[in-house]
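Single-structure report; data block below.
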Amino acid sequence: MSKSINSMGAYFVRLPYYLYLVTLLFIFITGISFFLTSTDNYIFNFLNYSNAIFFTFFQATTATFFSSILGFIFSLILYLSGKNQRLISAFLNFCFILPVIFVSFGVIYFYSSNGVLSKFLNLFSLDYDFKIFSFAGIIYVTSYFNIAFNANFFFRKLVNLPDNYIKVLKSNNITFWTAVRLQIRGYLFQGYRSIIILTLIFCASNFTILYLLSGSPNLVTIELSIYQSIIFNADLYSGITLGIIQLILMLFLSSFIMFNKNYDQSFNFNKSSIIKFPKNSLISIGFYSIVFYFLIPFLILIKGLFNFNIQLILSKGFLNSIFNSLMISTFSVLLSIFLSLSALFTYRSFLEKNSNLQKFTFLSIVILLFIPSLTLSSIIFYLNFNLNFIFSNFLIVSIINSFFITPIVFVFLSSKFIENYIHESKQCSILKISPFIRLIKIDIPKIKNELVLIISAVFVLSLGDLTSITIFNDSSFRTIPLFISQLYNNYKYDDAFFILSLFIISLFFIMYLPSRFLNRNA
Amino acid sequence: MCDLGSLLMKGLTMNLKLLIILLLLPLQVFAKEELKVLTYGSFNSDWGPGPNIEREFESICNCDLIWNTADSSGALLSRVKLTKNNEGFDVLLGLDDSLITEAEENDLFIEHQIEEFNLDLNWENKFFTPFDYGYFSFIYDQTKLAMPPQSFEELASRNEISLIIMDPRYSTPGLGLAKWIDQVFQEEAVEFWKNLQDQIVITSKSWSDGYGLFLEGESDIVLSYTTSSAYHSLIEGNSNYQSLDMMEGHAIQIEVMGILKNASNIELARTFLEFSLSEDFQKYIPQGNWMYPVIDLQNSQIEFYSAAPKPKSLDQVFPSLAQKEKWISNWEASLGE
């Protein structure tokens with residue numbers, strides 16, 4: 001009896017994951033049937049899109065190069081500055097998950113022809129000729145996020161250097177730079193292959209940046225081509241085919257990191273002591289320059305808050321957008337948490353049985369990172385069309401958003417969740433603890449802190465997303481990023497910046513409050 | 001006992017049904033008909049003509065006018081092509097004349113059956129009725145560009161002038177420029193595009209993107225409409241923004257609406273099309289959509305017509321798909337030069 005209850009409990013916990021697999025299979029079959037059942041003689045003209053495919057990886061490689069180099073240099077300067085390490089790491093994390101629309105508009109506000117920098121240079125009668133709506137602008141904004149991502153990886157590695165090692169260096173009069181060059185370089189770059197490939201993947205899927213900053217028909221990526229095929233050419237074939245091409249290329253890249261066990265080590269923060277280095281004015285200048293670099297988009301807050309507009313806050317459009325954004329994010333995050341916990345549970349049970357299906361489980365979730373959001377959108381659009389539009393836009397956008405954040409939640413929680421699985425597995429087996437009780441009473445309390453942190457992070461990521469909503473929107477269904485983008489496109493800049501400022505301040509509190517809560521309970 | 005129970009249940013069920021019918025009856029009696037109109041975003045924005053038109057039409061039709069929006073004119077046609085209008089819209093408002101042939105070939109619309117047009121422009125089409133028109137032009141800031149070019153040749157020869165245009169594949173003003181250049185230069189259109197290419201600093205996806213960037217100072221001139229300067233002078237009191245007066249003449253754009261094939265309320269849709277040709281609709285076009293109304297309102301909209309005088313017009317063109325492709329390929333041939 002208890003055995004059957006146990007197995008029932010296990011199936012119950014695994015159910016969300018199995019439902020997810022069925023949904024994924026259904027979407028996959030829809031994608032395939034789209035090509036098989038088509039009555040039109042469709043030929044995908046590869047040459048029409050070769051420029052977009054080439055440019056996607058060209059700009060991604062360039063941005064990865066800058067992110068990697070600058071991320072490494074920034075991390076060294078930040079470490080040697082001797083400032084609060086937890087604060088620096090949290091700041092870099094926050095910069096990494098900032099909404100793309102915020103950073104893009106912030107950078108436009110600073111670097112555009114009538115921007116802050118131009119006006120500042122004009123005070124000294126200096127010419128300003130930088131064009132932000134260009135390849136350089138795309139690389140700048142794409143790199144912003146990934147410099148923060150790379151810098152955080154190296155910074156955490158540096159923070160985890162043993163105190164004694166630094167003391168030995170000091171006592172032997174060996175400079176830190178010499179040590180980096182001769183000794184610890186290998187340690188710093190251990191596990192970096194995963195980070196650089198993830199960076200390349202993030203840089204290749206920068207739809208919103210291209211959507212906002214591409215100022216030329218030559219600056220088009222695969223994702224932008226998918227959007228243009230669907231929205232302007234009514235060409236689902238090209239949209240889906242391009243998505244499949246991107247998926248194959250991404251899978252090829254990700255195969256280098258898929259089962260790399262070093263990957264999650266970069267998230268750990270092992271110690272909190274601060275090493276004091278001798279004061280160096282160059283390091284200080286470097287430190288403040290880096291802080292300024294990351295704060296450039298935040299200058300928009302000053303302009304935004306000076307344009308306080310109570311009517312706009314009370315307008316139907318704004319209230320409707322904020323309601324939709326909150327509902328979508330809440331629903332997506334809940335869906336994603338249920339799915340991730342269920343998948344982790346399934347993954348661990350396969351691990352306990354030493355089954356090869358653990359790899360399948362891992363792959364089935366992580367694959368979501370590599371499917372372009374817009375391809376998923378176009379397949380779901382086709383599916384919904386065939387089902388006579390039974391699914392609402394709200395449901396579709398929420399599901400696509402949850403698919404986008406699920407692998408992040410899964411990877412973040414995986415190391416802690418799986419930790420000591422052999423020991424716990426034996427205990428649970430001896431004490432006959434049912435899988436459901438094990439999940440509720442043992443697993444979740446154990447990962448509570450990580451869970452709270454990742455929920456706030458993915459909630460912010462979901463709130464700031466401007467991908468699938470560009471396809472599934474109408475006059476009554478908009479989110480805050482789309483509302484801001486529409487205000488901006490109708491050159492209501494003051495209003496757009498005002499809403500953007502409120503949005504970022506709210507996101508800051510969403511990120512900050514959980515960590516306060518955790519510190520208080522620690 | 002059992003019979004009594006079943007009788008009681010039947011009685012309760014009957015009463016429940018009656019109650020539901022009685023409750024729903026007033027809702028049915030007072031329920032208004034709905035007219036679903038698909039249009040582009042700016043038409044139904046807070047500052048566009050949509051909200052006023054909705055109020056006027058609802059006051060005479062005893063119906064609910066429901067707006068649905070897409071990004072742009074091209075996106076509107078794409079959406080109904082993709083869905084075969086399974087979303088159930090009644091009217092599509094906002095196609096421009098360059099998309100009419102494509103829309104007709106896709107067999108998405110029914111005939112409007114309006115027999116008499118008393119319009120400010122020549123019009124004959126059994127599927128679409130026009131609701132406004134305008135002339136493509138280039139807008140410049142006269143405080144920054146003291147000597148504006150007066151012809152395409154002069155524009156292309158002055159390399160110091162930077163220009164924002166829209167992508168002809170995705171934007172109707174962008175396609176309008178391609179048409180305009182083809183009308184003026186015909187066989188030499190590719191050559192002209194090549195001469196102009198160095199000056200194009202941004203090719204935006206949509207008119208609103210491009211115009212916004214021009215206002216932010218990203219170029220000296222921008223592709224827009226002759227009526228854009230009227231917006232700045234009448235709404236902002238700023239007469240610095242002016243339209244170039246091109247000696248070759250200006251290409252015309254006509255915006256139209258039509259009844260979709262599987263519209264759920266065809267009669268109401270026809271009433272809306274007739275209403276669109278009346279003054280109650282048209283009076284919101286000049287200072288709402290910033291285009292010329294299709295009926296003569298020169299007496300009641302003096303301010304608008306004096307701020308946006310009509311330029312020399314080129315002929316109306318309703319292009320075939322092949323013509324459209326030729327215009328776009330002329331532009332594409334100049335890219336990367």
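Starting from 1 in every chain, residues are counted up; chains themselves are A, B, ... following the order of the structure tokens, and ligands are numbered from 1 as listed.
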
Residues at most 12 Å from stretch 207-211 of chain A, counting only C-alpha atoms, excluding those fewer than 6 positions away in the same chain, as a PyMOL selection string?
-> (chain A and resi 52+55-56+59-60+99-105+107-108+132-145+201+217-228+372-375+464-470+481-482+485+489) or (chain B and resi 204-206+209)

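Residue-level contact on chain B: within 6 Å of chain A, counting only C-alpha atoms, the set is Asn68, Thr69, Gly74, Ala75, Ser78, Leu82, Tyr170, Ile202, Thr203, Ser204, Ser208, Asp209, Gly212, Glu216, Gly217 and Glu218 of chain B.
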
Can I get the selection written as a short mmCIF file (atom, residue, chain, number, x, y, z; two decimals), in the first residue's frame, with C-alpha atoms?
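The file below, result10.cif, is the result:
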data_model
loop_
_atom_site.label_atom_id
_atom_site.label_comp_id
_atom_site.auth_asym_id
_atom_site.auth_seq_id
_atom_site.Cartn_x
_atom_site.Cartn_y
_atom_site.Cartn_z
CA ASN B 68 -7.59 46.03 -32.87
CA THR B 69 -4.18 47.16 -33.91
CA GLY B 74 2.09 46.18 -44.19
CA ALA B 75 1.62 44.25 -40.95
CA SER B 78 0.19 40.25 -43.43
CA LEU B 82 -1.74 34.61 -42.30
CA TYR B 170 8.46 46.73 -44.53
CA ILE B 202 19.52 55.18 -41.21
CA THR B 203 17.04 52.90 -42.96
CA SER B 204 14.38 52.41 -40.32
CA SER B 208 7.54 56.44 -36.68
CA ASP B 209 11.00 54.98 -35.88
CA GLY B 212 11.60 59.96 -34.16
CA GLU B 216 16.48 63.33 -32.09
CA GLY B 217 18.97 64.89 -34.52
CA GLU B 218 20.23 61.74 -36.22
#

Using only C-alpha atoms, determine which residues lie at most 12 Å from A:Gly31, disregarding the query and same-chain residues fewer than 4 positions distant; provide the list as a list in words.
-> Leu24, Leu25, Phe26, Ile27, Phe35, Leu36, Thr37, Ser38, Leu236, Tyr237, Gly239, Ile240, Thr241, Gly243, Ile244, Thr375, Leu376, Ser377, Ser378, Ile379, Ile380, Phe381, Tyr382 and Leu383 of chain A

Print the selection's residues with N, CA and C atoms to a file, as an mmCIF file, in the first residue's frame.
data_model
loop_
_atom_site.group_PDB
_atom_site.id
_atom_site.type_symbol
_atom_site.label_atom_id
_atom_site.label_comp_id
_atom_site.auth_asym_id
_atom_site.auth_seq_id
_atom_site.Cartn_x
_atom_site.Cartn_y
_atom_site.Cartn_z
ATOM 1 N N LEU A 24 6.108 19.934 -25.629
ATOM 2 C CA LEU A 24 7.260 20.136 -26.516
ATOM 3 C C LEU A 24 7.133 19.256 -27.761
ATOM 4 N N LEU A 25 6.710 18.008 -27.533
ATOM 5 C CA LEU A 25 6.525 17.074 -28.649
ATOM 6 C C LEU A 25 5.437 17.589 -29.585
ATOM 7 N N PHE A 26 4.367 18.094 -29.000
ATOM 8 C CA PHE A 26 3.244 18.609 -29.775
ATOM 9 C C PHE A 26 3.698 19.795 -30.628
ATOM 10 N N ILE A 27 4.504 20.673 -30.026
ATOM 11 C CA ILE A 27 5.020 21.836 -30.771
ATOM 12 C C ILE A 27 5.945 21.367 -31.890
ATOM 13 N N PHE A 35 5.434 21.771 -42.563
ATOM 14 C CA PHE A 35 6.123 21.586 -43.841
ATOM 15 C C PHE A 35 5.494 20.456 -44.658
ATOM 16 N N LEU A 36 5.046 19.389 -43.948
ATOM 17 C CA LEU A 36 4.530 18.214 -44.666
ATOM 18 C C LEU A 36 3.152 18.462 -45.276
ATOM 19 N N THR A 37 2.314 19.239 -44.590
ATOM 20 C CA THR A 37 0.934 19.404 -45.059
ATOM 21 C C THR A 37 0.750 20.619 -45.959
ATOM 22 N N SER A 38 1.828 21.340 -46.188
ATOM 23 C CA SER A 38 1.685 22.554 -46.986
ATOM 24 C C SER A 38 1.310 22.232 -48.427
ATOM 25 N N LEU A 236 5.318 32.402 -42.836
ATOM 26 C CA LEU A 236 5.635 31.523 -41.704
ATOM 27 C C LEU A 236 6.725 30.519 -42.073
ATOM 28 N N TYR A 237 6.748 30.122 -43.371
ATOM 29 C CA TYR A 237 7.730 29.123 -43.815
ATOM 30 C C TYR A 237 9.147 29.589 -43.507
ATOM 31 N N GLY A 239 10.030 31.989 -41.534
ATOM 32 C CA GLY A 239 10.177 32.195 -40.090
ATOM 33 C C GLY A 239 10.572 30.914 -39.390
ATOM 34 N N ILE A 240 9.840 29.844 -39.697
ATOM 35 C CA ILE A 240 10.110 28.570 -39.010
ATOM 36 C C ILE A 240 11.425 27.951 -39.495
ATOM 37 N N THR A 241 11.677 28.049 -40.809
ATOM 38 C CA THR A 241 12.926 27.472 -41.340
ATOM 39 C C THR A 241 14.144 28.178 -40.733
ATOM 40 N N GLY A 243 14.268 29.667 -37.932
ATOM 41 C CA GLY A 243 14.356 29.259 -36.530
ATOM 42 C C GLY A 243 15.049 27.918 -36.389
ATOM 43 N N ILE A 244 14.739 27.003 -37.299
ATOM 44 C CA ILE A 244 15.359 25.674 -37.241
ATOM 45 C C ILE A 244 16.866 25.789 -37.514
ATOM 46 N N THR A 375 10.831 31.815 -33.028
ATOM 47 C CA THR A 375 10.474 30.591 -33.756
ATOM 48 C C THR A 375 9.385 29.858 -32.997
ATOM 49 N N LEU A 376 9.581 29.791 -31.692
ATOM 50 C CA LEU A 376 8.564 29.173 -30.852
ATOM 51 C C LEU A 376 7.246 29.921 -31.036
ATOM 52 N N SER A 377 7.347 31.236 -31.086
ATOM 53 C CA SER A 377 6.149 32.059 -31.272
ATOM 54 C C SER A 377 5.477 31.729 -32.598
ATOM 55 N N SER A 378 6.287 31.602 -33.667
ATOM 56 C CA SER A 378 5.662 31.375 -34.976
ATOM 57 C C SER A 378 5.022 30.000 -35.056
ATOM 58 N N ILE A 379 5.645 28.992 -34.424
ATOM 59 C CA ILE A 379 5.041 27.653 -34.439
ATOM 60 C C ILE A 379 3.743 27.669 -33.628
ATOM 61 N N ILE A 380 3.789 28.325 -32.464
ATOM 62 C CA ILE A 380 2.577 28.381 -31.629
ATOM 63 C C ILE A 380 1.489 29.191 -32.331
ATOM 64 N N PHE A 381 1.887 30.218 -33.056
ATOM 65 C CA PHE A 381 0.915 30.997 -33.830
ATOM 66 C C PHE A 381 0.219 30.087 -34.846
ATOM 67 N N TYR A 382 1.016 29.266 -35.557
ATOM 68 C CA TYR A 382 0.464 28.355 -36.566
ATOM 69 C C TYR A 382 -0.463 27.321 -35.914
ATOM 70 N N LEU A 383 -0.020 26.822 -34.758
ATOM 71 C CA LEU A 383 -0.822 25.848 -34.017
ATOM 72 C C LEU A 383 -2.159 26.474 -33.607
#

9 Å contact set for B:Lys81, only C-alpha atoms, chain neighbours under 4 positions out, as JSON, numbers by chain = {"A": [234], "B": [76, 77, 85, 103, 106, 108]}

Grab the residues selected above and save them as an mmCIF file, in the first residue's frame with N, CA and C atoms.
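Final output, out.cif:
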data_model
loop_
_atom_site.group_PDB
_atom_site.id
_atom_site.type_symbol
_atom_site.label_atom_id
_atom_site.label_comp_id
_atom_site.auth_asym_id
_atom_site.auth_seq_id
_atom_site.Cartn_x
_atom_site.Cartn_y
_atom_site.Cartn_z
ATOM 1 N N ALA A 234 4.018 37.838 -44.072
ATOM 2 C CA ALA A 234 3.079 36.733 -43.838
ATOM 3 C C ALA A 234 3.723 35.415 -44.245
ATOM 4 N N LEU B 76 -0.721 44.868 -41.261
ATOM 5 C CA LEU B 76 -2.169 44.615 -41.265
ATOM 6 C C LEU B 76 -2.519 43.552 -42.308
ATOM 7 N N LEU B 77 -2.013 43.780 -43.515
ATOM 8 C CA LEU B 77 -2.322 42.835 -44.598
ATOM 9 C C LEU B 77 -1.713 41.468 -44.294
ATOM 10 N N ASN B 85 -8.259 35.770 -41.849
ATOM 11 C CA ASN B 85 -9.215 36.497 -40.998
ATOM 12 C C ASN B 85 -10.049 35.567 -40.111
ATOM 13 N N ALA B 103 -3.785 42.831 -51.962
ATOM 14 C CA ALA B 103 -4.945 42.476 -51.128
ATOM 15 C C ALA B 103 -6.052 41.864 -51.982
ATOM 16 N N ASN B 106 -5.336 38.256 -53.066
ATOM 17 C CA ASN B 106 -5.464 37.256 -51.997
ATOM 18 C C ASN B 106 -6.913 36.941 -51.642
ATOM 19 N N LEU B 108 -9.364 38.438 -50.057
ATOM 20 C CA LEU B 108 -9.679 38.558 -48.635
ATOM 21 C C LEU B 108 -10.842 39.509 -48.361
#
